[in-house]
Every structure is written in C-alpha cells, then in structure tokens.
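Asker: Below you will find the structure I want to go over with you.
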Amino acid sequence: MSSAAPGELRAALEHVLRLEPVGSPAGNLSVARGDLDGRVVHAALVENRSASGSIGSVEAERLAALFRVAGLGRSPLVLYLDSAGAKVSEGLQALGAFRSVFRAGLDAAFAGAPIAAVLGRNCFGGSSMLAHLAPQRLFGPATRLGMSGPAVIAASSGMDPLDEAFQAMAEAAMSAASRAKASPANLAWSARLDLADWLRSALSSPPDAAAAFRARHDALASRLPPMKALAWESVRRKDLERLYPGGCEARESLGLIEGRGRTADGEESFLGIVGDKPLAAERAWRFAEDAWRHPGGATLRVLLDCATHATRIEEERIVLSEFVVDMSAALQDLARRGTRVLLTIVGRAGGGVYVALAAPAERVSAVHGAQIHVLPGSAVTAILGSTRDAIPSFADYHGARVAEEELKLGLVP
C-alpha cells in the first residue's frame, strides 16, 4: 500500500460523499449531509479545532440529536473522529453529556442505523468508544486509537511520555497497522483504497444489530489469553444488606459480583464490577459474558465500584475500547428485550467504565458517599496539567446528569 497524508482521508470523505454542511459548527463538531449512490448519508465530523478535538456539552448535544435522527430513520451515519474524547476541563458536565450521547449512539446502532467510523490522527477515550459503535472502522495512516492516550498511560506507569522507547511502544500498540491486525473490522487507509466501495460495505445494514454485537463479543475472546474458570465465593456486604432488606444471595470472583436480592417491590437480579483494580479487558469481557447470557427479567441492577479502566500498554494492544463497549452492548440488548436496567454506584466510578454502564441504564443511583469523576486525578493532571481536589456533592452529580438518585441505605440521616 502507498502512504497517504493524514488530511487526505478527511478530504476524500468529503469528496466521495459530496458533503454539504448542516447548520453552523458546534465547537469541534460539524454536521453534514451527503449521498452515496443516491442514498442520503448523515455525517458527524469531530475535528481537532481546540482542546485536542475533545467532546464537551455543546458537541455532545448536537451529536446526540444526530444519532436520534439516524436511529429514527435507520439512515446511514458516518462518524469522522479526530478527538481525544470527553472534554475533561468541563468536569462532570462532560461526563453527563457523554453518557447522553453514548446512549443515543447505542439506541441508533440497535435500531439498525448503519454506522461507519472514519478516524483522524487521534481517537482516545470516549471517542474510541463511539468508533466501536460501528461494525467497521477506517483508520487514517497516522491514526492512534486507545482507551487511554499516551500521556495518560505514561503518567500511570511513571514513564516519560517523550521517552523514545515509550513512544515506540505506544505507537506499536495503538497504530493503524496494529489495529488492522487485531480485527478484520479495522482497515488502514491508503490512497489506493476505493473509499466509496469501503463505505458501501461499512454502511450495509446488519439483519440483526443485536446478533452482530453478540458475534463481536464472541470474537473478542480470541484476543485474551486462556481464561481460568471463575472461583465464586459467597459474600456478605453491608451495602447489599441495606439495599435488599428482604435478604440477598451474592457471590464474588475476580472483581465480579452477581446474585439476587429482595426489595419491597419484589425480587431482582444483580451483576457488578467491584474491587480496587482498574477494569482490564478480561474482567470487562467476563462481565459482558454474564450480561449476554442473562435470561432477562423485570429488573437487572448493575453494581459499580471501579474508579477507572486499566491504563497499560498490554491492554491497548488488544483494543480495550472494544471490550468496554461490549459491556454496553450486552446491557443495551437486555434493555431492548424488556429488562429494566438500573445502575447503582456503591463506591467509585469514572470515565469510560461509568459511561459504558450508565448509558444503557434507565436510572443511575449513587449510594451516599459514592464518588463519580471524569477521570482519576493522575489522568486529569496528565491531560490538563492540574487536578481538582474538591469532592463533588450529590447535588453536583444530579446537576451534571450523571446520577438521578442518592441512596442513603439507612447509613446516614
């Protein structure tokens, strides 16, 4: 394949689809409309105009509206993403906005709207999650995709992000070439590629969107090392005892929890991610496996006590972003089949882990004292050069639309 300059892919996309702007730009986002073989195609173009192309409240509101339009009409949507993810400088407002936009994206994908992702220079964090709503992704020649950007990974591992050895490792893990090796759904672009043909393929509608997501889940297992069977142990937790005054049975293994509990409204099942360790690909896959296999029912409560995702090169090599999105897809499938999915934060929650579990949920509750953040302090410092030390109140969470209800569970007045 011949090489191509980064800007050529963006220009080629505009040319092939004959894109015309719709309205004025909203921050880093532009909305456009074009056509392919006489078929109307919507386009959302997130570009690096400021703050590394990050997506804040302004961009998220417009992008969510476009997802809803595509979902209602099952019309084709192309996402062009050159973005570092959520706008961390906006704090909780950005997290709440990203929850909304990812929910709209899930709704569109499961409604059968054909979605294709075309990627610019950077595609990190929430943007990498949006990219994996699409069955196929076209990487630019210099694209780097990861759940975490190199600066965050370096900060968490105590390395210098400018160190040549670290840069080489990060490039090898996140590059377009490595992503193309990880999955046949990823393709590295060159000037020799017929972009119109790729778009025709990428925008072909799957007969069953849920089945397509489930097939992607099954394929993800091949990227993981051989997994041992979970050794479940019965556990008692004070928060569960107060959450389920009628009694509950719970078991836990490797940071996963599951069981059944009884409330005044009846019995419900629960699944959860708990423990001190950041979420890595294997635990995400195991959670999704439980959710995909769940028989459904009136209510499924998801419990969350996990501050962040893992920020290791090893996780990026196997495309952690796709494992995180897999959790969302499994819960979204349950919700669309009639199960009431609720999220209860019993400890800490943040970033992509929060978004993945909150987006499909009908309602998010936070136990009194739970902490919700955009990213851990070290990651915020790596991105912004400073951190915020103040712990938000529940009023802050509610105002930012990251939680609808505070549960005091009899622990406080």
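Ligands are numbered from 1 in the order shown, residues from 1 within each chain, and chains are lettered A, B, ... in the order they appear in the structure tokens.
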Could you name the residues that touch Met169 in chain A at 10 Å or less, counting only C-alpha atoms, but leaving out those on the same chain fewer than 2 positions away, as a list in words?
Answerer: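 Returned residues: Pro150, Glu164, Ala165, Phe166, Gln167, Glu171, Ala172, Ala173, Met174, Ile313, Glu314 and Arg317 of chain A.
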Asker: Write down as number ranges by chain the residues belonging to range 128-183 of chain A that are assigned alpha helix (DSSP H) by DSSP computed on the backbone.
Answerer: A: 128-131, 150-157, 164-174, 176-182
Asker: Give me, please, the distance in Å between CA of Leu19 in chain A and CA of Ala65 in chain A, quoted to one decimal.
Answerer: 18.5 Å
Asker: With distances taken over only C-alpha atoms, which residue among A:Glu405, A:Glu362, A:Asp396, A:Asp208 lies nearest Gly112 in chain A?
Answerer: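 Going through A:Glu405, A:Glu362, A:Asp396, A:Asp208 one by one, the smallest distance to Gly112 in chain A is for A:Asp208.
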Asker: Go through A:Glu404, A:Asp163, A:Asp37, A:Asp239 one by one, measure the shortest atom-to-atom distance of each to Ala358 in chain A using only C-alpha atoms, and give the residue with the smallest value.
Answerer: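 For Ala358 in chain A, the nearest of the given residues is A:Glu404.
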